[in-house]
file my_file_3.json (JSON, C-alpha atoms)
[["chain", "number", "residue", "atom", "x", "y", "z"],
["E", 1, "GLY", "CA", 40.84, 45.64, 37.65],
["E", 2, "ASN", "CA", 42.89, 46.23, 40.77],
["E", 3, "SER", "CA", 46.16, 44.43, 41.34],
["E", 4, "VAL", "CA", 49.25, 44.50, 43.55],
["E", 5, "THR", "CA", 52.69, 43.28, 42.53],
["E", 6, "GLN", "CA", 55.39, 42.73, 45.12],
["E", 7, "MET", "CA", 58.85, 41.30, 44.91],
["E", 8, "GLU", "CA", 59.31, 37.55, 45.08],
["E", 9, "GLY", "CA", 60.88, 36.02, 48.12],
["E", 10, "PRO", "CA", 62.33, 34.66, 50.16],
["E", 11, "VAL", "CA", 64.51, 37.60, 51.10],
["E", 12, "THR", "CA", 67.34, 36.62, 53.45],
["E", 13, "LEU", "CA", 69.21, 39.34, 55.37],
["E", 14, "SER", "CA", 71.68, 39.55, 58.19],
["E", 15, "GLU", "CA", 70.59, 41.25, 61.39],
["E", 16, "GLU", "CA", 70.94, 45.07, 61.24],
["E", 17, "ALA", "CA", 70.81, 45.09, 57.41],
["E", 18, "PHE", "CA", 68.63, 47.53, 55.47],
["E", 19, "LEU", "CA", 65.36, 46.17, 54.15],
["E", 20, "THR", "CA", 63.40, 47.15, 51.05],
["E", 21, "ILE", "CA", 60.42, 45.19, 49.77],
["E", 22, "ASN", "CA", 59.07, 46.64, 46.53],
["E", 23, "CYS", "CA", 55.34, 46.99, 45.92],
["E", 24, "THR", "CA", 53.53, 48.51, 42.94],
["E", 25, "TYR", "CA", 49.82, 48.68, 42.31],
["E", 26, "THR", "CA", 47.17, 49.21, 39.67],
["E", 27, "ALA", "CA", 43.84, 50.60, 40.77],
["E", 28, "THR", "CA", 40.90, 52.67, 39.65],
["E", 29, "GLY", "CA", 39.95, 55.56, 41.85],
["E", 30, "TYR", "CA", 41.80, 56.41, 45.05],
["E", 31, "PRO", "CA", 42.79, 53.32, 46.99],
["E", 32, "SER", "CA", 44.18, 53.15, 50.48],
["E", 33, "LEU", "CA", 47.44, 51.20, 50.74],
["E", 34, "PHE", "CA", 48.57, 48.85, 53.49],
["E", 35, "TRP", "CA", 51.36, 46.59, 54.61],
["E", 36, "TYR", "CA", 50.35, 43.56, 56.66],
["E", 37, "VAL", "CA", 52.69, 41.10, 58.39],
["E", 38, "GLN", "CA", 51.98, 37.45, 59.13],
["E", 39, "TYR", "CA", 54.07, 35.48, 61.62],
["E", 40, "PRO", "CA", 54.04, 31.67, 61.37],
["E", 41, "GLY", "CA", 50.75, 30.14, 62.50],
["E", 42, "GLU", "CA", 49.09, 33.52, 63.07],
["E", 43, "GLY", "CA", 46.63, 35.89, 61.41],
["E", 44, "LEU", "CA", 47.57, 39.09, 59.62],
["E", 45, "GLN", "CA", 48.62, 42.16, 61.59],
["E", 46, "LEU", "CA", 48.40, 45.64, 60.18],
["E", 47, "LEU", "CA", 51.92, 47.06, 59.98],
["E", 48, "LEU", "CA", 51.23, 50.47, 58.45],
["E", 49, "LYS", "CA", 48.88, 52.32, 56.13],
["E", 50, "ALA", "CA", 48.51, 55.37, 53.90],
["E", 51, "THR", "CA", 45.27, 56.74, 52.56],
["E", 52, "LYS", "CA", 46.36, 59.41, 50.06],
["E", 53, "ALA", "CA", 49.23, 60.40, 47.82],
["E", 54, "ASP", "CA", 52.48, 61.42, 49.59],
["E", 55, "ASP", "CA", 51.29, 60.03, 52.94],
["E", 56, "LYS", "CA", 54.01, 58.18, 54.83],
["E", 57, "GLY", "CA", 52.95, 55.29, 57.02],
["E", 58, "SER", "CA", 55.32, 54.20, 59.79],
["E", 59, "ASN", "CA", 55.36, 51.71, 62.65],
["E", 60, "LYS", "CA", 58.02, 49.79, 64.61],
["E", 61, "GLY", "CA", 60.81, 51.22, 62.44],
["E", 62, "PHE", "CA", 59.09, 50.30, 59.17],
["E", 63, "GLU", "CA", 58.12, 53.02, 56.68],
["E", 64, "ALA", "CA", 56.35, 53.26, 53.32],
["E", 65, "THR", "CA", 55.34, 56.29, 51.23],
["E", 66, "TYR", "CA", 52.28, 56.39, 48.96],
["E", 67, "ARG", "CA", 53.72, 57.44, 45.57],
["E", 68, "LYS", "CA", 50.92, 58.12, 43.09],
["E", 69, "GLU", "CA", 53.27, 59.11, 40.25],
["E", 70, "THR", "CA", 55.05, 55.74, 40.35],
["E", 71, "THR", "CA", 52.06, 53.78, 41.76],
["E", 72, "SER", "CA", 54.33, 52.36, 44.45],
["E", 73, "PHE", "CA", 54.33, 51.73, 48.20],
["E", 74, "HIS", "CA", 57.74, 50.23, 48.99],
["E", 75, "LEU", "CA", 58.39, 48.96, 52.51],
["E", 76, "GLU", "CA", 61.68, 49.95, 54.19],
["E", 77, "LYS", "CA", 63.40, 49.40, 57.51],
["E", 78, "GLY", "CA", 66.82, 50.71, 58.41],
["E", 79, "SER", "CA", 67.96, 47.84, 60.62],
["E", 80, "VAL", "CA", 66.15, 44.50, 60.69],
["E", 81, "GLN", "CA", 66.06, 42.09, 63.63],
["E", 82, "VAL", "CA", 65.63, 38.33, 63.77],
["E", 83, "SER", "CA", 62.15, 38.96, 65.19],
["E", 84, "ASP", "CA", 61.15, 40.65, 61.90],
["E", 85, "SER", "CA", 61.23, 37.26, 60.15],
["E", 86, "ALA", "CA", 57.72, 36.84, 58.73],
["E", 87, "VAL", "CA", 55.69, 37.11, 55.53],
["E", 88, "TYR", "CA", 54.87, 40.66, 54.42],
["E", 89, "PHE", "CA", 51.82, 41.45, 52.28],
["E", 90, "CYS", "CA", 51.26, 44.68, 50.39],
["E", 91, "ALA", "CA", 47.57, 45.42, 49.82],
["E", 92, "LEU", "CA", 45.22, 48.03, 48.46],
["E", 93, "SER", "CA", 41.65, 48.69, 49.46],
["E", 94, "VAL", "CA", 38.84, 50.31, 47.56],
["E", 95, "PRO", "CA", 35.32, 50.97, 48.84],
["E", 96, "THR", "CA", 32.68, 48.68, 47.41],
["E", 97, "GLY", "CA", 29.51, 50.32, 48.65],
["E", 98, "GLY", "CA", 29.43, 47.76, 51.43],
["E", 99, "GLY", "CA", 32.70, 47.32, 53.26],
["E", 100, "ASN", "CA", 36.13, 47.52, 51.65],
["E", 101, "LYS", "CA", 37.68, 45.06, 49.25],
["E", 102, "LEU", "CA", 41.33, 44.24, 49.97],
["E", 103, "THR", "CA", 43.53, 43.15, 47.08],
["E", 104, "PHE", "CA", 46.75, 41.49, 48.24],
["E", 105, "GLY", "CA", 50.11, 40.98, 46.64],
["E", 106, "THR", "CA", 51.55, 37.48, 46.65],
["E", 107, "GLY", "CA", 53.53, 38.07, 49.85],
["E", 108, "THR", "CA", 57.27, 38.27, 50.48],
["E", 109, "GLN", "CA", 58.90, 35.99, 53.03],
["E", 110, "LEU", "CA", 61.66, 37.68, 55.01],
["E", 111, "LYS", "CA", 64.28, 35.66, 56.89],
["E", 112, "VAL", "CA", 66.68, 37.53, 59.14],
["E", 113, "GLU", "CA", 69.75, 35.65, 60.35],
["E", 114, "LEU", "CA", 72.24, 36.43, 63.11],
["B", 1, "ASP", "CA", 40.82, 47.30, 71.91],
["B", 2, "THR", "CA", 41.67, 46.20, 68.34],
["B", 3, "GLU", "CA", 41.05, 42.52, 68.84],
["B", 4, "VAL", "CA", 39.13, 40.13, 66.64],
["B", 5, "THR", "CA", 38.62, 36.72, 68.23],
["B", 6, "GLN", "CA", 37.96, 33.45, 66.43],
["B", 7, "THR", "CA", 36.93, 30.03, 67.69],
["B", 8, "PRO", "CA", 37.91, 27.29, 67.47],
["B", 9, "LYS", "CA", 41.63, 27.66, 66.84],
["B", 10, "HIS", "CA", 41.84, 24.25, 65.18],
["B", 11, "LEU", "CA", 39.09, 22.08, 63.68],
["B", 12, "VAL", "CA", 39.22, 18.63, 62.13],
["B", 13, "MET", "CA", 36.06, 17.46, 60.42],
["B", 14, "GLY", "CA", 34.93, 14.68, 58.13],
["B", 15, "MET", "CA", 33.29, 15.31, 54.81],
["B", 16, "THR", "CA", 29.83, 14.53, 56.19],
["B", 17, "ASN", "CA", 30.08, 16.69, 59.30],
["B", 18, "LYS", "CA", 28.44, 20.03, 60.00],
["B", 19, "LYS", "CA", 30.46, 22.55, 61.97],
["B", 20, "SER", "CA", 30.59, 26.32, 62.51],
["B", 21, "LEU", "CA", 33.36, 28.87, 62.82],
["B", 22, "LYS", "CA", 32.77, 31.89, 65.02],
["B", 23, "CYS", "CA", 34.19, 35.40, 64.95],
["B", 24, "GLU", "CA", 33.64, 38.33, 67.32],
["B", 25, "GLN", "CA", 34.74, 41.96, 67.45],
["B", 26, "HIS", "CA", 33.92, 44.79, 69.85],
["B", 27, "MET", "CA", 35.42, 47.72, 67.97],
["B", 28, "GLY", "CA", 32.08, 48.99, 66.68],
["B", 29, "HIS", "CA", 33.01, 48.04, 63.13],
["B", 30, "ARG", "CA", 30.06, 47.64, 60.76],
["B", 31, "ALA", "CA", 31.84, 45.55, 58.10],
["B", 32, "MET", "CA", 32.99, 41.98, 58.67],
["B", 33, "TYR", "CA", 34.78, 39.59, 56.33],
["B", 34, "TRP", "CA", 35.63, 35.93, 55.84],
["B", 35, "TYR", "CA", 38.84, 34.95, 54.04],
["B", 36, "LYS", "CA", 40.37, 31.60, 53.12],
["B", 37, "GLN", "CA", 44.16, 31.29, 53.10],
["B", 38, "LYS", "CA", 46.10, 28.35, 51.71],
["B", 39, "ALA", "CA", 49.75, 27.80, 52.63],
["B", 40, "LYS", "CA", 52.20, 30.30, 51.14],
["B", 41, "LYS", "CA", 49.38, 32.27, 49.49],
["B", 42, "PRO", "CA", 47.64, 35.55, 50.29],
["B", 43, "PRO", "CA", 44.15, 35.49, 51.82],
["B", 44, "GLU", "CA", 41.26, 35.12, 49.37],
["B", 45, "LEU", "CA", 38.07, 37.01, 50.11],
["B", 46, "MET", "CA", 34.97, 34.84, 50.55],
["B", 47, "PHE", "CA", 32.22, 37.06, 52.00],
["B", 48, "VAL", "CA", 31.64, 40.64, 53.12],
["B", 49, "TYR", "CA", 28.91, 41.78, 55.50],
["B", 50, "SER", "CA", 28.06, 45.44, 55.81],
["B", 51, "TYR", "CA", 25.58, 46.55, 58.48],
["B", 52, "GLU", "CA", 24.71, 42.88, 59.04],
["B", 53, "LYS", "CA", 23.74, 42.37, 55.41],
["B", 54, "LEU", "CA", 25.67, 40.22, 52.95],
["B", 55, "SER", "CA", 27.16, 42.61, 50.42],
["B", 56, "ILE", "CA", 29.76, 40.46, 48.65],
["B", 57, "ASN", "CA", 29.85, 36.73, 47.94],
["B", 58, "GLU", "CA", 32.90, 35.86, 45.86],
["B", 59, "SER", "CA", 31.20, 32.90, 44.16],
["B", 60, "VAL", "CA", 31.83, 30.68, 47.15],
["B", 61, "PRO", "CA", 30.35, 27.12, 47.02],
["B", 62, "SER", "CA", 27.10, 26.70, 48.94],
["B", 63, "ARG", "CA", 28.74, 24.25, 51.36],
["B", 64, "PHE", "CA", 30.00, 27.46, 53.05],
["B", 65, "SER", "CA", 27.14, 29.45, 54.58],
["B", 66, "PRO", "CA", 27.83, 32.75, 56.34],
["B", 67, "GLU", "CA", 25.65, 34.33, 59.00],
["B", 68, "CYS", "CA", 25.83, 37.68, 60.79],
["B", 69, "PRO", "CA", 23.53, 37.50, 63.85],
["B", 70, "ASN", "CA", 24.44, 41.02, 65.03],
["B", 71, "SER", "CA", 27.00, 43.74, 64.47],
["B", 72, "SER", "CA", 29.63, 42.02, 66.65],
["B", 73, "LEU", "CA", 29.32, 38.41, 65.54],
["B", 74, "LEU", "CA", 30.03, 36.55, 62.33],
["B", 75, "ASN", "CA", 29.62, 32.82, 61.76],
["B", 76, "LEU", "CA", 30.64, 30.51, 58.95],
["B", 77, "HIS", "CA", 28.61, 27.30, 58.76],
["B", 78, "LEU", "CA", 30.35, 24.37, 57.09],
["B", 79, "HIS", "CA", 28.66, 21.32, 55.59],
["B", 80, "ALA", "CA", 29.83, 18.52, 53.30],
["B", 81, "LEU", "CA", 33.27, 20.00, 52.83],
["B", 82, "GLN", "CA", 35.95, 18.57, 50.58],
["B", 83, "PRO", "CA", 39.60, 17.89, 51.47],
["B", 84, "GLU", "CA", 40.64, 20.85, 49.26],
["B", 85, "ASP", "CA", 38.74, 23.12, 51.66],
["B", 86, "SER", "CA", 41.43, 22.51, 54.27],
["B", 87, "ALA", "CA", 42.97, 25.93, 54.95],
["B", 88, "LEU", "CA", 43.31, 28.76, 57.45],
["B", 89, "TYR", "CA", 40.03, 30.68, 57.71],
["B", 90, "LEU", "CA", 40.46, 34.29, 58.72],
["B", 91, "CYS", "CA", 37.84, 36.73, 59.95],
["B", 92, "ALA", "CA", 38.35, 40.49, 59.73],
["B", 93, "SER", "CA", 36.45, 43.67, 60.52],
["B", 94, "SER", "CA", 36.65, 47.32, 59.52],
["B", 95, "GLN", "CA", 34.91, 50.65, 59.53],
["B", 96, "VAL", "CA", 32.71, 51.43, 56.56],
["B", 97, "GLY", "CA", 33.43, 54.61, 54.64],
["B", 98, "VAL", "CA", 35.84, 56.65, 52.57],
["B", 99, "PRO", "CA", 38.81, 56.57, 52.45],
["B", 100, "PRO", "CA", 38.83, 52.78, 52.90],
["B", 101, "SER", "CA", 40.07, 51.95, 56.38],
["B", 102, "GLU", "CA", 42.22, 49.10, 57.55],
["B", 103, "GLN", "CA", 40.87, 45.66, 58.27],
["B", 104, "TYR", "CA", 41.70, 43.99, 61.56],
["B", 105, "PHE", "CA", 42.23, 40.25, 61.36],
["B", 106, "GLY", "CA", 41.64, 37.49, 63.86],
["B", 107, "PRO", "CA", 44.17, 34.71, 64.48],
["B", 108, "GLY", "CA", 42.27, 32.31, 62.25],
["B", 109, "THR", "CA", 40.84, 28.80, 62.45],
["B", 110, "ARG", "CA", 43.03, 26.05, 61.01],
["B", 111, "LEU", "CA", 40.57, 23.68, 59.31],
["B", 112, "THR", "CA", 41.46, 20.16, 58.24],
["B", 113, "VAL", "CA", 38.90, 18.14, 56.25],
["B", 114, "THR", "CA", 39.47, 14.38, 56.32]]
call {"tool": "encode", "arguments": {"input": "my_file_3.json", "output": "structure tokens"}}
result
Amino acid sequence: GNSVTQMEGPVTLSEEAFLTINCTYTATGYPSLFWYVQYPGEGLQLLLKATKADDKGSNKGFEATYRKETTSFHLEKGSVQVSDSAVYFCALSVPTGGGNKLTFGTGTQLKVEL
Amino acid sequence: DTEVTQTPKHLVMGMTNKKSLKCEQHMGHRAMYWYKQKAKKPPELMFVYSYEKLSINESVPSRFSPECPNSSLLNLHLHALQPEDSALYLCASSQVGVPPSEQYFGPGTRLTVT
């Protein structure tokens, strides 16, 4: 079956520190990969995506590269801000013949302190 | 416009009540989804509609009854719920096709069953 493994949290960083959240996946076929972010009390927001090997998704200073050889999609940001504090979910999606089925990792809580 | 709207934002209901959650999107997406999310956990898929037809039911109890009246609307009818059904209920929508596209999430309905 399909699965996503991401690093346990919480991750606590000082403002302007470098962020890496590791994500690896297992899937049959050719999944699309996503990072979603969830702020307290809100729904999920798409942060970035990649649909094929070697694609790099980027948004708001965050980046992740679809690595087929290592089955990974690690999230990075060069300089985090307090406003980046949230829960980050790595996910993969495969077509089901009717819509897409998202498989999520367990989520990583990020806390950024001044 | 990449907005998915959900009403109500909060709902408190007794175990004998009947209530409905509503979801709307105007992005022309032909797949719509219901998820249940418990605190500190990733969303769990409940139902998928594709072209207004139910395509996936993840063995959800019959006290949850989905309905897709048209391509923009998705309802979740609730009846005789249990306290363990208290959670954040998220609606999402996406394009249908390959490669699998991103899902756009609404802000959710926070449901409390008393």
call {"tool": "residues_around", "arguments": {"input": "my_file_3.json", "residues": "Gln81 (chain E)", "least_positions_apart": "2", "cutoff": "6 Å", "atoms": "only C-alpha atoms", "output": "list in words"}}
result
Glu15, Ser83 and Asp84 of chain E
call {"tool": "residues_around", "arguments": {"input": "my_file_3.json", "residues": "Tyr35 (chain B)", "least_positions_apart": "4", "cutoff": "9 Å", "atoms": "all atoms listed in the file", "output": "JSON, numbers by chain"}}
result
{"B": [43, 44, 45, 46, 47, 88, 89, 90, 91, 92]}
call {"tool": "atom_distance", "arguments": {"input": "my_file_3.json", "atom1": "CA of Cys23 (chain B)", "atom2": "CA of Phe64 (chain B)"}}
result
14.9 Å
call {"tool": "interface_residues", "arguments": {"input": "my_file_3.json", "of": "chain E", "to": "chain B", "cutoff": "12 Å", "atoms": "only C-alpha atoms", "output": "PyMOL selection string"}}
result
chain E and resi 4+6+8-10+29-52+86-109
call {"tool": "atom_distance", "arguments": {"input": "my_file_3.json", "atom1": "CA of Ser20 (chain B)", "atom2": "CA of Thr5 (chain B)"}}
result
14.3 Å
call {"tool": "atom_distance", "arguments": {"input": "my_file_3.json", "atom1": "CA of Glu63 (chain E)", "atom2": "CA of Met7 (chain E)"}}
result
16.6 Å
call {"tool": "closest_residue", "arguments": {"input": "my_file_3.json", "among": "B:Ala39, B:Ala87, B:Leu21, B:Met15", "to": "Pro66 (chain B)", "atoms": "only C-alpha atoms"}}
result
B:Leu21
call {"tool": "residues_around", "arguments": {"input": "my_file_3.json", "residues": "Leu19 (chain E)", "least_positions_apart": "6", "cutoff": "8 Å", "atoms": "only C-alpha atoms", "output": "list in words"}}
result
Leu13, Leu75, Glu76, Lys77, Gly78, Ser79 and Val80 of chain E
call {"tool": "closest_residue", "arguments": {"input": "my_file_3.json", "among": "B:Leu74, B:Met27, B:Ala80, B:Val60", "to": "Thr7 (chain B)", "atoms": "all atoms listed in the file"}}
result
B:Leu74
call {"tool": "closest_residue", "arguments": {"input": "my_file_3.json", "among": "B:Arg63, B:Leu73, B:Lys38, B:Glu52", "to": "Gln25 (chain B)", "atoms": "only C-alpha atoms"}}
result
B:Leu73
call {"tool": "residues_near_point", "arguments": {"input": "my_file_3.json", "point": "(64.2, 38.9, 58.4)", "cutoff": "6 Å", "atoms": "only C-alpha atoms", "output": "VMD selection string"}}
result
chain E and resid 13 82 84 to 85 110 to 112
call {"tool": "decode", "arguments": {"input": "my_file_3.json", "residues": "region 19-41 of chain E", "atoms": "N, CA and C atoms", "output": "CSV table (one decimal), in the first residue's frame"}}
result
chain,number,residue,atom,x,y,z
E,19,LEU,N,15.4,25.4,8.2
E,19,LEU,CA,14.4,24.4,8.5
E,19,LEU,C,14.5,23.2,7.5
E,20,THR,N,14.5,22.0,8.0
E,20,THR,CA,14.4,20.8,7.2
E,20,THR,C,13.4,19.9,7.9
E,21,ILE,N,12.3,19.5,7.2
E,21,ILE,CA,11.4,18.5,7.7
E,21,ILE,C,11.5,17.3,6.7
E,22,ASN,N,11.9,16.2,7.2
E,22,ASN,CA,12.1,15.0,6.3
E,22,ASN,C,10.8,14.3,6.0
E,23,CYS,N,10.7,13.8,4.8
E,23,CYS,CA,9.5,13.1,4.3
E,23,CYS,C,10.0,12.0,3.3
E,24,THR,N,9.6,10.8,3.6
E,24,THR,CA,9.8,9.7,2.6
E,24,THR,C,8.5,9.0,2.4
E,25,TYR,N,8.4,8.3,1.2
E,25,TYR,CA,7.1,7.7,0.8
E,25,TYR,C,7.3,6.4,0.2
E,26,THR,N,6.3,5.6,0.3
E,26,THR,CA,6.2,4.3,-0.4
E,26,THR,C,4.9,4.4,-1.3
E,27,ALA,N,5.0,4.1,-2.5
E,27,ALA,CA,3.8,4.2,-3.4
E,27,ALA,C,4.0,3.3,-4.6
E,28,THR,N,2.9,2.8,-5.1
E,28,THR,CA,2.9,2.1,-6.4
E,28,THR,C,2.5,3.1,-7.5
E,29,GLY,N,3.1,2.9,-8.6
E,29,GLY,CA,2.8,3.9,-9.7
E,29,GLY,C,3.6,5.2,-9.5
E,30,TYR,N,3.0,6.3,-10.0
E,30,TYR,CA,3.6,7.6,-10.1
E,30,TYR,C,2.8,8.6,-9.3
E,31,PRO,N,3.1,8.7,-8.0
E,31,PRO,CA,2.2,9.6,-7.2
E,31,PRO,C,2.7,11.1,-7.5
E,32,SER,N,1.8,12.0,-7.2
E,32,SER,CA,2.1,13.4,-7.0
E,32,SER,C,2.4,13.6,-5.5
E,33,LEU,N,3.3,14.5,-5.2
E,33,LEU,CA,3.7,14.8,-3.8
E,33,LEU,C,3.3,16.2,-3.4
E,34,PHE,N,3.0,16.4,-2.1
E,34,PHE,CA,2.5,17.7,-1.6
E,34,PHE,C,3.0,17.9,-0.2
E,35,TRP,N,3.1,19.2,0.1
E,35,TRP,CA,3.2,19.7,1.5
E,35,TRP,C,2.0,20.6,1.7
E,36,TYR,N,1.3,20.3,2.8
E,36,TYR,CA,0.2,21.1,3.3
E,36,TYR,C,0.6,21.7,4.6
E,37,VAL,N,0.1,22.9,5.0
E,37,VAL,CA,0.3,23.5,6.2
E,37,VAL,C,-1.0,23.8,6.9
E,38,GLN,N,-1.1,23.6,8.2
E,38,GLN,CA,-2.3,23.8,9.0
E,38,GLN,C,-2.0,24.7,10.2
E,39,TYR,N,-2.6,25.9,10.1
E,39,TYR,CA,-2.4,26.8,11.3
E,39,TYR,C,-3.5,26.5,12.3
E,40,PRO,N,-3.3,26.8,13.6
E,40,PRO,CA,-4.3,26.5,14.6
E,40,PRO,C,-5.7,26.9,14.3
E,41,GLY,N,-6.6,26.0,14.4
E,41,GLY,CA,-8.0,26.3,14.2
E,41,GLY,C,-8.4,26.4,12.8
